[in-house]
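File shown here: data-v5.cif, holding mmCIF, C-alpha atoms.
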```
data_final
#
loop_
_atom_site.label_atom_id
_atom_site.label_comp_id
_atom_site.auth_asym_id
_atom_site.auth_seq_id
_atom_site.Cartn_x
_atom_site.Cartn_y
_atom_site.Cartn_z
CA MET A 1 -8.86 -11.50 -25.94
CA ALA A 2 -6.52 -10.81 -28.86
CA LYS A 3 -9.35 -11.04 -31.39
CA ASP A 4 -11.11 -8.13 -29.67
CA MET A 5 -8.03 -5.97 -30.04
CA THR A 6 -7.15 -3.60 -32.85
CA LEU A 7 -3.87 -1.76 -33.27
CA LEU A 8 -3.35 0.94 -35.88
CA TRP A 9 0.38 1.44 -36.24
CA GLY A 10 3.24 2.85 -38.31
CA SER A 11 6.53 1.12 -39.11
CA GLY A 12 9.53 2.20 -37.05
CA SER A 13 7.50 4.30 -34.62
CA ALA A 14 8.97 3.55 -31.20
CA PRO A 15 5.63 4.09 -29.40
CA CYS A 16 3.90 1.62 -31.75
CA TRP A 17 6.71 -0.86 -31.30
CA ARG A 18 6.35 -0.75 -27.50
CA VAL A 19 2.73 -1.87 -27.73
CA MET A 20 3.54 -4.63 -30.21
CA ILE A 21 6.29 -6.01 -27.96
CA ALA A 22 3.90 -5.96 -25.00
CA LEU A 23 1.22 -7.80 -26.99
CA GLU A 24 3.73 -10.49 -27.96
CA GLU A 25 5.07 -10.81 -24.41
CA LYS A 26 1.53 -11.33 -23.09
CA ASN A 27 0.80 -14.03 -25.68
CA LEU A 28 -1.76 -11.88 -27.43
CA GLN A 29 -0.66 -12.71 -30.97
CA GLY A 30 -3.64 -12.72 -33.29
CA TYR A 31 -4.68 -9.16 -32.51
CA ASN A 32 -6.09 -7.23 -35.45
CA HIS A 33 -3.70 -4.67 -36.81
CA LYS A 34 -3.30 -2.29 -39.71
CA LEU A 35 -0.08 -0.73 -40.89
CA LEU A 36 -0.53 2.91 -41.85
CA SER A 37 1.81 5.34 -43.52
CA PHE A 38 2.93 8.54 -41.79
CA ASP A 39 4.25 9.85 -45.10
CA LYS A 40 0.79 9.55 -46.68
CA MET A 41 -0.68 11.26 -43.57
CA GLU A 42 -2.78 8.19 -42.88
CA HIS A 43 -2.41 8.84 -39.15
CA LYS A 44 -4.78 11.76 -39.72
CA SER A 45 -7.38 9.62 -41.49
CA GLN A 46 -10.91 9.23 -40.21
CA GLU A 47 -10.17 5.63 -39.31
CA VAL A 48 -7.60 6.81 -36.79
CA LEU A 49 -9.56 9.85 -35.63
CA ASP A 50 -12.49 7.57 -34.80
CA ILE A 51 -10.30 5.92 -32.16
CA ASN A 52 -7.84 8.71 -31.42
CA PRO A 53 -8.90 12.39 -31.60
CA ARG A 54 -5.21 13.29 -31.58
CA GLY A 55 -4.67 11.62 -34.95
CA GLN A 56 -1.61 9.76 -33.69
CA LEU A 57 -0.24 6.25 -33.78
CA PRO A 58 -0.40 3.91 -32.03
CA SER A 59 -4.13 3.84 -31.66
CA PHE A 60 -5.33 0.82 -29.73
CA LYS A 61 -8.71 -0.65 -28.79
CA HIS A 62 -9.64 -3.65 -26.72
CA GLY A 63 -13.36 -4.11 -27.15
CA ASP A 64 -14.67 -0.66 -26.25
CA ASN A 65 -11.58 0.22 -24.23
CA ILE A 66 -9.43 2.72 -26.01
CA VAL A 67 -5.82 3.05 -24.82
CA ASN A 68 -3.78 5.01 -27.35
CA GLU A 69 -0.88 6.30 -25.32
CA SER A 70 1.80 3.60 -25.66
CA TYR A 71 2.76 3.48 -21.99
CA ALA A 72 -0.90 3.38 -21.00
CA ALA A 73 -1.46 0.43 -23.33
CA CYS A 74 1.57 -1.37 -21.88
CA PHE A 75 0.32 -0.88 -18.31
CA TYR A 76 -3.18 -1.91 -19.31
CA LEU A 77 -2.03 -5.10 -21.01
CA GLU A 78 0.21 -6.14 -18.12
CA SER A 79 -2.57 -5.49 -15.64
CA GLN A 80 -5.40 -7.14 -17.57
CA PHE A 81 -3.34 -10.15 -18.64
CA LYS A 82 -1.10 -10.43 -15.59
CA SER A 83 -1.33 -14.19 -15.38
CA GLN A 84 -0.56 -14.96 -19.01
CA GLY A 85 2.65 -14.66 -20.97
CA ASN A 86 5.64 -13.11 -19.21
CA ARG A 87 5.34 -11.07 -16.03
CA LEU A 88 6.44 -7.56 -16.91
CA ILE A 89 6.31 -5.79 -13.56
CA PRO A 90 8.14 -7.47 -10.67
CA ASP A 91 6.47 -7.75 -7.27
CA SER A 92 9.40 -7.06 -5.01
CA PRO A 93 9.55 -3.41 -3.91
CA ALA A 94 13.18 -2.89 -4.93
CA GLU A 95 12.80 -4.37 -8.41
CA GLN A 96 9.47 -2.68 -8.93
CA ALA A 97 10.90 0.69 -7.95
CA LEU A 98 13.72 0.30 -10.46
CA THR A 99 11.37 -0.90 -13.19
CA TYR A 100 9.08 2.11 -12.85
CA GLN A 101 12.02 4.50 -12.50
CA ARG A 102 13.69 3.30 -15.71
CA MET A 103 10.39 3.21 -17.63
CA PHE A 104 9.80 6.86 -16.97
CA GLU A 105 13.41 7.84 -17.51
CA GLY A 106 12.85 6.15 -20.85
CA LEU A 107 10.58 9.05 -21.78
CA ALA A 108 13.48 11.46 -21.17
CA LEU A 109 15.75 9.29 -23.35
CA TYR A 110 13.15 9.24 -26.15
CA GLU A 111 12.79 13.01 -25.96
CA LYS A 112 16.56 13.58 -26.08
CA VAL A 113 16.91 11.27 -29.10
CA GLY A 114 14.05 13.03 -30.88
CA GLY A 115 15.70 16.38 -30.16
CA VAL A 116 18.55 15.32 -32.45
CA ILE A 117 17.09 12.85 -34.97
CA TYR A 118 13.90 14.84 -35.55
CA TYR A 119 15.25 18.35 -35.02
CA GLU A 120 14.45 19.42 -38.56
CA TYR A 121 11.13 17.56 -38.63
CA TYR A 122 9.85 19.45 -35.61
CA VAL A 123 11.48 22.84 -36.00
CA PRO A 124 10.51 25.04 -38.98
CA GLU A 125 13.54 26.16 -40.97
CA GLU A 126 13.31 29.80 -39.95
CA GLU A 127 13.40 28.83 -36.28
CA ARG A 128 16.41 26.51 -36.38
CA HIS A 129 19.65 27.44 -34.63
CA ASP A 130 22.97 25.63 -34.65
CA SER A 131 23.19 26.47 -30.94
CA ALA A 132 19.94 24.62 -30.26
CA LEU A 133 20.93 21.50 -32.20
CA LYS A 134 24.35 21.56 -30.50
CA ARG A 135 22.70 21.78 -27.11
CA ASN A 136 20.36 18.92 -28.01
CA LYS A 137 23.32 16.79 -29.07
CA GLU A 138 25.11 17.51 -25.79
CA ALA A 139 21.97 16.62 -23.88
CA LEU A 140 21.76 13.32 -25.77
CA VAL A 141 25.39 12.50 -24.95
CA THR A 142 24.76 13.20 -21.26
CA GLU A 143 21.67 11.01 -21.39
CA LEU A 144 23.46 8.15 -23.16
CA LYS A 145 26.26 8.21 -20.57
CA LEU A 146 23.64 7.84 -17.85
CA TRP A 147 22.20 4.71 -19.47
CA GLU A 148 25.65 3.23 -20.13
CA GLY A 149 26.24 3.70 -16.40
CA TYR A 150 22.91 2.17 -15.40
CA LEU A 151 23.51 -0.96 -17.46
CA LYS A 152 27.18 -1.25 -16.52
CA LYS A 153 26.32 -1.18 -12.81
CA LEU A 154 23.88 -4.07 -13.27
CA GLY A 155 26.47 -6.19 -15.06
CA SER A 156 26.77 -8.00 -18.34
CA GLY A 157 23.64 -9.69 -19.65
CA SER A 158 21.32 -7.59 -17.53
CA TYR A 159 18.08 -6.06 -18.57
CA LEU A 160 17.33 -2.42 -17.77
CA ALA A 161 15.83 -3.07 -14.36
CA GLY A 162 17.80 -6.14 -13.35
CA LYS A 163 17.97 -9.81 -14.10
CA SER A 164 14.58 -10.11 -15.79
CA PHE A 165 13.07 -8.59 -18.88
CA SER A 166 10.40 -6.09 -17.82
CA LEU A 167 8.13 -3.29 -18.93
CA ALA A 168 11.25 -1.07 -18.71
CA ASP A 169 12.74 -3.00 -21.63
CA VAL A 170 9.42 -3.05 -23.51
CA THR A 171 9.23 0.73 -23.38
CA VAL A 172 12.92 1.61 -23.74
CA PHE A 173 14.38 -0.97 -26.13
CA PRO A 174 12.68 0.53 -29.21
CA THR A 175 14.43 3.83 -28.49
CA VAL A 176 17.78 2.03 -28.14
CA ALA A 177 17.15 0.22 -31.43
CA TYR A 178 16.41 3.59 -33.00
CA LEU A 179 19.75 4.94 -31.75
CA PHE A 180 21.70 2.23 -33.51
CA ARG A 181 19.49 2.42 -36.62
CA PHE A 182 20.49 6.06 -36.86
CA GLY A 183 24.20 5.32 -36.61
CA LEU A 184 25.09 5.45 -32.91
CA SER A 185 28.53 3.96 -32.42
CA ALA A 186 28.58 0.69 -30.46
CA GLU A 187 32.29 1.30 -29.91
CA ARG A 188 31.58 4.51 -28.03
CA TYR A 189 28.60 3.02 -26.21
CA PRO A 190 29.61 -0.62 -25.72
CA VAL A 191 27.24 -1.41 -22.87
CA LEU A 192 24.25 -0.11 -24.80
CA GLY A 193 25.57 -2.05 -27.78
CA GLU A 194 25.63 -5.23 -25.72
CA TYR A 195 22.09 -4.56 -24.46
CA TYR A 196 20.93 -4.06 -28.03
CA ALA A 197 22.56 -7.30 -29.13
CA LEU A 198 21.03 -9.16 -26.19
CA LEU A 199 17.51 -8.05 -26.96
CA LYS A 200 17.30 -7.87 -30.75
CA ASP A 201 16.83 -11.62 -30.98
CA ARG A 202 14.22 -11.88 -28.27
CA PRO A 203 11.15 -13.50 -29.88
CA SER A 204 8.73 -10.65 -29.07
CA ILE A 205 11.18 -8.15 -30.52
CA LYS A 206 12.02 -10.12 -33.64
CA ALA A 207 8.31 -10.67 -34.27
CA SER A 208 7.62 -6.94 -34.14
CA TRP A 209 10.77 -5.59 -35.81
CA PRO A 210 9.92 -2.64 -38.11
CA PRO A 211 9.27 -4.16 -41.54
CA HIS A 212 10.96 -1.37 -43.47
CA TRP A 213 14.13 -1.91 -41.41
CA LEU A 214 14.21 -5.49 -42.71
CA GLU A 215 13.76 -4.33 -46.30
CA ASN A 216 16.51 -1.75 -45.94
CA THR A 217 19.06 -2.89 -43.40
CA LYS A 218 21.36 0.07 -43.81
CA GLY A 219 19.85 2.82 -41.67
CA GLN A 220 21.22 6.33 -41.36
CA ASP A 221 24.31 7.93 -39.87
CA THR A 222 22.80 10.96 -38.16
CA LEU A 223 24.23 9.89 -34.79
CA LYS A 224 27.64 8.60 -35.80
CA GLU A 225 29.46 11.55 -34.24
CA ILE A 226 27.51 11.45 -30.97
CA MET B 1 6.54 3.19 5.96
CA ALA B 2 6.31 6.97 5.78
CA LYS B 3 9.26 7.41 8.15
CA ASP B 4 11.49 5.53 5.71
CA MET B 5 10.59 7.95 2.94
CA THR B 6 12.33 11.13 1.93
CA LEU B 7 11.11 13.63 -0.64
CA LEU B 8 13.26 16.50 -1.89
CA TRP B 9 10.93 18.96 -3.58
CA GLY B 10 10.45 22.47 -4.93
CA SER B 11 7.38 24.64 -4.42
CA GLY B 12 4.92 24.87 -7.32
CA SER B 13 6.60 22.16 -9.39
CA PRO B 14 3.77 20.03 -10.84
CA PRO B 15 5.87 16.83 -10.77
CA CYS B 16 6.69 17.37 -7.06
CA TRP B 17 3.07 18.15 -6.33
CA ARG B 18 1.93 14.87 -7.92
CA VAL B 19 4.07 12.84 -5.54
CA MET B 20 2.90 14.82 -2.54
CA ILE B 21 -0.76 14.29 -3.44
CA ALA B 22 -0.11 10.56 -3.87
CA LEU B 23 1.59 10.35 -0.46
CA GLU B 24 -1.40 12.06 1.16
CA GLU B 25 -3.91 9.86 -0.66
CA LYS B 26 -2.13 6.71 0.53
CA ASN B 27 -2.10 7.95 4.16
CA LEU B 28 1.66 8.31 4.18
CA GLN B 29 1.76 11.64 5.98
CA GLY B 30 4.84 11.83 8.16
CA TYR B 31 7.29 11.26 5.31
CA ASN B 32 10.54 13.21 5.60
CA HIS B 33 10.74 16.10 3.21
CA LYS B 34 12.89 19.08 2.40
CA LEU B 35 11.86 22.12 0.40
CA LEU B 36 14.60 23.26 -1.96
CA SER B 37 14.90 26.38 -4.09
CA PHE B 38 15.16 26.15 -7.86
CA ASP B 39 16.21 29.80 -7.96
CA LYS B 40 19.20 29.06 -5.71
CA LYS B 41 19.99 26.03 -7.89
CA GLU B 42 19.57 23.76 -4.90
CA HIS B 43 18.22 21.06 -7.23
CA LYS B 44 21.83 20.71 -8.44
CA SER B 45 23.23 20.30 -4.92
CA GLN B 46 25.12 17.21 -3.80
CA GLU B 47 22.20 16.29 -1.56
CA VAL B 48 20.00 15.91 -4.61
CA LEU B 49 22.69 14.38 -6.83
CA ASP B 50 23.24 11.67 -4.22
CA ILE B 51 19.70 10.48 -4.90
CA ASN B 52 19.16 11.75 -8.43
CA PRO B 53 22.05 11.95 -10.90
CA ARG B 54 19.85 14.15 -13.08
CA GLY B 55 19.84 16.90 -10.45
CA GLN B 56 16.06 17.24 -10.68
CA LEU B 57 13.14 17.49 -8.31
CA PRO B 58 11.24 15.57 -7.14
CA SER B 59 13.83 13.18 -5.79
CA PHE B 60 12.28 10.40 -3.73
CA LYS B 61 13.58 7.50 -1.66
CA HIS B 62 11.77 4.78 0.23
CA GLY B 63 14.42 2.95 2.20
CA ASP B 64 16.95 2.09 -0.48
CA ASN B 65 14.38 2.33 -3.28
CA ILE B 66 14.89 5.43 -5.34
CA VAL B 67 11.96 6.53 -7.52
CA ASN B 68 12.54 10.07 -8.77
CA GLU B 69 10.31 10.30 -11.83
CA SER B 70 6.99 11.58 -10.52
CA CYS B 71 4.77 9.13 -12.41
CA ALA B 72 7.03 6.27 -11.38
CA ALA B 73 6.73 7.31 -7.74
CA CYS B 74 2.92 7.50 -8.06
CA PHE B 75 2.74 4.01 -9.57
CA TYR B 76 5.13 2.67 -6.94
CA LEU B 77 3.16 4.15 -4.03
CA GLU B 78 -0.17 2.88 -5.34
CA SER B 79 1.27 -0.58 -5.89
CA GLN B 80 3.18 -0.88 -2.63
CA PHE B 81 0.40 0.61 -0.51
CA LYS B 82 -2.57 -0.67 -2.46
CA SER B 83 -4.58 -1.63 0.57
CA GLN B 84 -4.20 1.62 2.50
CA GLY B 85 -5.62 5.05 1.87
CA ASN B 86 -7.61 5.55 -1.32
CA ARG B 87 -7.49 3.14 -4.26
CA LEU B 88 -5.99 5.12 -7.14
CA ILE B 89 -6.20 2.64 -10.03
CA PRO B 90 -9.61 1.01 -10.61
CA ASP B 91 -9.84 -2.72 -11.22
CA SER B 92 -12.50 -2.80 -13.90
CA PRO B 93 -11.01 -2.97 -17.41
CA ALA B 94 -12.98 -0.04 -18.77
CA GLU B 95 -12.20 2.32 -15.90
CA GLN B 96 -8.62 1.18 -15.76
CA ALA B 97 -8.15 1.77 -19.48
CA LEU B 98 -9.48 5.31 -19.15
CA THR B 99 -7.36 6.00 -16.05
CA TYR B 100 -4.14 4.94 -17.79
CA GLN B 101 -5.09 6.76 -20.99
CA ARG B 102 -5.78 10.06 -19.22
CA MET B 103 -2.69 9.74 -17.03
CA PHE B 104 -0.42 9.61 -20.04
CA GLU B 105 -2.36 12.21 -21.97
CA GLY B 106 -1.76 14.26 -18.84
CA LEU B 107 1.94 14.25 -19.61
CA VAL B 108 1.23 15.71 -23.06
CA PHE B 109 -1.04 18.29 -21.42
CA TYR B 110 1.81 19.29 -19.09
CA GLU B 111 4.23 19.60 -22.00
CA LYS B 112 1.83 21.86 -23.93
CA ALA B 113 1.30 24.06 -20.87
CA ALA B 114 5.05 24.27 -20.24
CA GLY B 115 5.61 25.25 -23.85
CA VAL B 116 3.78 28.49 -23.13
CA ILE B 117 4.16 29.18 -19.40
CA TRP B 118 7.92 28.40 -19.36
CA TYR B 119 8.78 29.25 -22.97
CA GLU B 120 11.33 31.84 -21.92
CA TYR B 121 12.74 29.72 -19.11
CA TYR B 122 13.56 26.88 -21.50
CA THR B 123 14.51 28.85 -24.60
CA PRO B 124 17.65 31.01 -24.64
CA GLU B 125 16.84 34.57 -25.73
CA GLU B 126 18.67 34.37 -29.04
CA GLU B 127 16.66 31.28 -30.04
CA ARG B 128 13.18 32.64 -29.27
CA HIS B 129 10.70 33.26 -32.07
CA ASP B 130 7.25 34.80 -31.95
CA SER B 131 6.22 32.13 -34.46
CA ALA B 132 7.28 29.35 -32.08
CA LEU B 133 5.48 30.83 -29.08
CA LYS B 134 2.41 31.42 -31.23
CA ARG B 135 2.46 27.79 -32.35
CA ASN B 136 2.87 26.63 -28.76
CA LYS B 137 -0.13 28.74 -27.72
CA GLU B 138 -2.22 27.23 -30.49
CA ALA B 139 -1.15 23.75 -29.42
CA LEU B 140 -2.17 24.55 -25.85
CA ALA B 141 -5.56 25.85 -26.97
CA THR B 142 -6.14 22.64 -28.96
CA GLU B 143 -5.10 20.57 -25.95
CA LEU B 144 -7.38 22.53 -23.60
CA LYS B 145 -10.35 21.97 -25.90
CA LEU B 146 -9.70 18.22 -25.80
CA TRP B 147 -9.77 18.19 -22.00
CA GLU B 148 -12.88 20.38 -21.87
CA GLY B 149 -14.47 17.76 -24.11
CA TYR B 150 -13.27 14.83 -22.05
CA LEU B 151 -14.65 16.27 -18.81
CA LYS B 152 -17.87 17.51 -20.41
CA LYS B 153 -18.62 14.03 -21.78
CA LEU B 154 -18.27 12.52 -18.31
CA GLY B 155 -20.68 15.03 -16.79
CA SER B 156 -20.65 17.52 -13.98
CA GLY B 157 -18.79 16.55 -10.83
CA SER B 158 -16.68 13.95 -12.59
CA TYR B 159 -13.04 13.31 -12.14
CA VAL B 160 -10.74 13.02 -15.12
CA ALA B 161 -11.27 9.28 -15.57
CA GLY B 162 -14.82 8.91 -14.27
CA LYS B 163 -16.80 8.98 -11.07
CA THR B 164 -13.87 8.34 -8.75
CA PHE B 165 -10.66 10.25 -8.01
CA SER B 166 -7.71 8.34 -9.46
CA LEU B 167 -4.05 8.48 -10.39
CA ALA B 168 -5.18 10.35 -13.51
CA ASP B 169 -6.28 13.28 -11.35
CA ILE B 170 -3.00 13.17 -9.42
CA ILE B 171 -1.08 13.59 -12.67
CA VAL B 172 -3.44 16.11 -14.27
CA PHE B 173 -4.71 18.34 -11.47
CA PRO B 174 -1.39 20.08 -10.70
CA ASN B 175 -1.16 21.09 -14.33
CA VAL B 176 -4.73 22.42 -14.28
CA ALA B 177 -3.96 24.37 -11.10
CA TYR B 178 -0.88 25.84 -12.75
CA LEU B 179 -2.92 26.89 -15.78
CA PHE B 180 -5.40 28.84 -13.67
CA ARG B 181 -2.55 30.24 -11.57
CA SER B 182 -1.09 31.52 -14.84
CA GLY B 183 -4.32 33.31 -15.72
CA LEU B 184 -6.32 30.81 -17.78
CA SER B 185 -9.87 32.05 -18.15
CA ALA B 186 -12.49 29.93 -16.39
CA GLU B 187 -15.07 31.66 -18.55
CA ARG B 188 -13.48 30.28 -21.70
CA TYR B 189 -12.84 26.89 -20.11
CA PRO B 190 -15.81 26.42 -17.78
CA VAL B 191 -15.62 22.64 -17.48
CA LEU B 192 -11.94 22.77 -16.51
CA GLY B 193 -12.87 25.59 -14.15
CA GLU B 194 -15.48 23.37 -12.51
CA TYR B 195 -12.97 20.52 -12.25
CA TYR B 196 -10.47 22.87 -10.62
CA ALA B 197 -13.07 24.08 -8.13
CA LEU B 198 -14.08 20.49 -7.35
CA LEU B 199 -10.55 19.37 -6.56
CA LYS B 200 -8.86 22.35 -4.95
CA ASP B 201 -10.53 21.59 -1.62
CA ARG B 202 -9.74 17.91 -1.60
CA PRO B 203 -7.77 17.21 1.59
CA SER B 204 -4.72 15.73 -0.14
CA ILE B 205 -4.58 18.71 -2.47
CA LYS B 206 -5.10 21.36 0.19
CA ALA B 207 -2.42 19.71 2.33
CA SER B 208 0.12 19.93 -0.49
CA TRP B 209 -0.87 23.29 -2.03
CA PRO B 210 2.20 25.35 -3.03
CA SER B 211 2.97 27.57 -0.03
CA GLU B 212 3.99 30.58 -2.16
CA TRP B 213 0.53 30.51 -3.77
CA LEU B 214 -1.02 30.87 -0.32
CA GLN B 215 1.20 33.85 0.44
CA ASP B 216 0.52 35.50 -2.91
CA THR B 217 -2.93 34.56 -4.15
CA LYS B 218 -2.80 36.72 -7.23
CA GLY B 219 -0.84 34.67 -9.78
CA GLU B 220 0.15 35.66 -13.31
CA ASP B 221 -1.81 36.53 -16.41
CA THR B 222 0.36 34.80 -19.00
CA LEU B 223 -2.55 32.70 -20.25
CA LYS B 224 -5.40 35.17 -20.10
CA ASP B 225 -5.72 35.33 -23.88
CA ILE B 226 -5.51 31.58 -24.54
#
```
With the file now loaded, output its structure as structure tokens.
Amino acid sequence: MAKDMTLLWGSGSAPCWRVMIALEEKNLQGYNHKLLSFDKMEHKSQEVLDINPRGQLPSFKHGDNIVNESYAACFYLESQFKSQGNRLIPDSPAEQALTYQRMFEGLALYEKVGGVIYYEYYVPEEERHDSALKRNKEALVTELKLWEGYLKKLGSGSYLAGKSFSLADVTVFPTVAYLFRFGLSAERYPVLGEYYALLKDRPSIKASWPPHWLENTKGQDTLKEI
Amino acid sequence: MAKDMTLLWGSGSPPCWRVMIALEEKNLQGYNHKLLSFDKKEHKSQEVLDINPRGQLPSFKHGDNIVNESCAACFYLESQFKSQGNRLIPDSPAEQALTYQRMFEGLVFYEKAAGVIWYEYYTPEEERHDSALKRNKEALATELKLWEGYLKKLGSGSYVAGKTFSLADIIVFPNVAYLFRSGLSAERYPVLGEYYALLKDRPSIKASWPSEWLQDTKGEDTLKDI
């Protein structure tokens, strides 16, 4: 159960946050966890490498079962603990199809956000081009318009895949939270803004909110012109 | 059933191939499908956009249920057709954990391969750097060593997540096939070579093998020095 689980995580990492939301949703509070610092390169420590040869966070173990990739951990937890906590994957074909579809589109959203927020982190200075960053920003705008459309079509108060909170929200909400943390305008993206407001007070999300975001509520303005 | 399904696909696209293998494994032969040309930009045609606003392949519909993202379609097919064809996600916690873990690592594997094989396709000429391609090649070599290790640890004749073919192989095999098609050396990567040889004759894989690879068996040599 929760006591046999260990999560090594970093604050504000969307992939880590996904797993923490899933653990809360499945009533697995009480899992062992350790907060590590990316800045101090603790994700490359032996403690992490012992679980995850990639030296990445999250790193997650349940007994001897290692499931580090955040989506894999989410699927694993929903499957192994299907009958406890909240159901995260609907049974009906139509809702299930939409849940899976939005979950995996969520990877595209995450990638497009990273292409702007982390452009300088990932691209060495001598390889940076204004044209590339511009293209990445345009790609993010296109992506955001898609998600505004998806949510708008479902109607006010909806979750990403319909009327119920699902694994699509578990995996995608952290990215949406990241967007607003980095200055995305809720005036330009009102439907995403409403979705963010709807979910930020959900118990599983409040319980796992990045601690350093609580200490410093201001955030950045990298995305204010998007 | 299969007759209510439509797949728009492109030849040699690993994501398309994944869905086709899954359809075969679940005994859903007989699905409607249409081969489109990336070169002729048919993936941006209205026919595709009607199903997939992203203008990407694969695009997949089952009745009114649209599931375009390849992993989403694989999960959907396994879930909706669990009791027919081959079981693709094991029930036991340990095997399931490994299946999910390797599936999602498979997406990283694909990204690292694409970063070399399709470097020029994705990067405009004025933004290309030898240093970037070099770094991508090193990342691919590191990734390949990980997978050699994973397969070696499981022993000869194993699939990617253990003794049984699973959704992990469906995600990973097309990428492995693409690597050898692009000239990866089976001498340098013998365990991956053995895995490739094991799977290439599997009925679902033979049935969905890229037709242009049958016409031209030679392939490229982009990866011969990796």
Closest atom pairs, chain B residues within 6 Å of chain A, all atoms listed in the file, as a tab-separated table:
```
residue	atom	partner	partner_atom	distance
B:Asn65	CA	A:Ala94	CA	5.6
B:Val67	CA	A:Gln101	CA	5.4
B:Ala72	CA	A:Tyr100	CA	4.9
B:Ala94	CA	A:Asn65	CA	5.6
B:Ala97	CA	A:Val67	CA	6.0
B:Tyr100	CA	A:Ala72	CA	4.8
B:Gln101	CA	A:Val67	CA	5.4
```
Selected residues written out, C-alpha atoms, as a PDB file, keeping the file's coordinate frame:
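Below you can see selection_7.pdb, which holds the result:
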```pdb
ATOM      1  CA  ASN B  65      14.380   2.330  -3.280  1.00  0.00           C
ATOM      2  CA  VAL B  67      11.960   6.530  -7.520  1.00  0.00           C
ATOM      3  CA  ALA B  72       7.030   6.270 -11.380  1.00  0.00           C
ATOM      4  CA  ALA B  94     -12.980  -0.040 -18.770  1.00  0.00           C
ATOM      5  CA  ALA B  97      -8.150   1.770 -19.480  1.00  0.00           C
ATOM      6  CA  TYR B 100      -4.140   4.940 -17.790  1.00  0.00           C
ATOM      7  CA  GLN B 101      -5.090   6.760 -20.990  1.00  0.00           C
TER       8      GLN B 101
END
```
Within 9 Å of stretch 10-24 of chain B using only C-alpha atoms, minus same-chain residues under 3 positions, as a PyMOL selection string: chain B and resi 2+7+27-29+31+34-38+43+57-60+69-71+73-74+77-78+85+88+110+167+170-175+177-178+203-205+207-213
Expected file contents, prior selection, C-alpha atoms, as a tab-separated table (two decimals), keeping the file's coordinate frame:
```tsv
chain	number	residue	atom	x	y	z
B	2	ALA	CA	6.31	6.97	5.78
B	7	LEU	CA	11.11	13.63	-0.64
B	27	ASN	CA	-2.10	7.95	4.16
B	28	LEU	CA	1.66	8.31	4.18
B	29	GLN	CA	1.76	11.64	5.98
B	31	TYR	CA	7.29	11.26	5.31
B	34	LYS	CA	12.89	19.08	2.40
B	35	LEU	CA	11.86	22.12	0.40
B	36	LEU	CA	14.60	23.26	-1.96
B	37	SER	CA	14.90	26.38	-4.09
B	38	PHE	CA	15.16	26.15	-7.86
B	43	HIS	CA	18.22	21.06	-7.23
B	57	LEU	CA	13.14	17.49	-8.31
B	58	PRO	CA	11.24	15.57	-7.14
B	59	SER	CA	13.83	13.18	-5.79
B	60	PHE	CA	12.28	10.40	-3.73
B	69	GLU	CA	10.31	10.30	-11.83
B	70	SER	CA	6.99	11.58	-10.52
B	71	CYS	CA	4.77	9.13	-12.41
B	73	ALA	CA	6.73	7.31	-7.74
B	74	CYS	CA	2.92	7.50	-8.06
B	77	LEU	CA	3.16	4.15	-4.03
B	78	GLU	CA	-0.17	2.88	-5.34
B	85	GLY	CA	-5.62	5.05	1.87
B	88	LEU	CA	-5.99	5.12	-7.14
B	110	TYR	CA	1.81	19.29	-19.09
B	167	LEU	CA	-4.05	8.48	-10.39
B	170	ILE	CA	-3.00	13.17	-9.42
B	171	ILE	CA	-1.08	13.59	-12.67
B	172	VAL	CA	-3.44	16.11	-14.27
B	173	PHE	CA	-4.71	18.34	-11.47
B	174	PRO	CA	-1.39	20.08	-10.70
B	175	ASN	CA	-1.16	21.09	-14.33
B	177	ALA	CA	-3.96	24.37	-11.10
B	178	TYR	CA	-0.88	25.84	-12.75
B	203	PRO	CA	-7.77	17.21	1.59
B	204	SER	CA	-4.72	15.73	-0.14
B	205	ILE	CA	-4.58	18.71	-2.47
B	207	ALA	CA	-2.42	19.71	2.33
B	208	SER	CA	0.12	19.93	-0.49
B	209	TRP	CA	-0.87	23.29	-2.03
B	210	PRO	CA	2.20	25.35	-3.03
B	211	SER	CA	2.97	27.57	-0.03
B	212	GLU	CA	3.99	30.58	-2.16
B	213	TRP	CA	0.53	30.51	-3.77
```
Tell me which residues the PyMOL selection byres ((chain A and resi 38) around 12) grabs here, as a compact mmCIF listing (two decimals) with C-alpha atoms, in the frame of the given file.
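Wrote it out as out39.txt, contents follow:
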```txt
# COMPACT_ATOMS: atom_id res chain seq x y z
CA LEU A 8 -3.35 0.94 -35.88
CA TRP A 9 0.38 1.44 -36.24
CA GLY A 10 3.24 2.85 -38.31
CA SER A 11 6.53 1.12 -39.11
CA GLY A 12 9.53 2.20 -37.05
CA SER A 13 7.50 4.30 -34.62
CA LEU A 35 -0.08 -0.73 -40.89
CA LEU A 36 -0.53 2.91 -41.85
CA SER A 37 1.81 5.34 -43.52
CA ASP A 39 4.25 9.85 -45.10
CA LYS A 40 0.79 9.55 -46.68
CA MET A 41 -0.68 11.26 -43.57
CA GLU A 42 -2.78 8.19 -42.88
CA HIS A 43 -2.41 8.84 -39.15
CA LYS A 44 -4.78 11.76 -39.72
CA SER A 45 -7.38 9.62 -41.49
CA VAL A 48 -7.60 6.81 -36.79
CA GLY A 55 -4.67 11.62 -34.95
CA GLN A 56 -1.61 9.76 -33.69
CA LEU A 57 -0.24 6.25 -33.78
CA PRO A 58 -0.40 3.91 -32.03
```
Selection: 9 Å around A:Thr6, only C-alpha atoms, excl. self and same-chain fewer than 3 positions, as a PyMOL selection string: chain A and resi 2-3+31-34+59-63
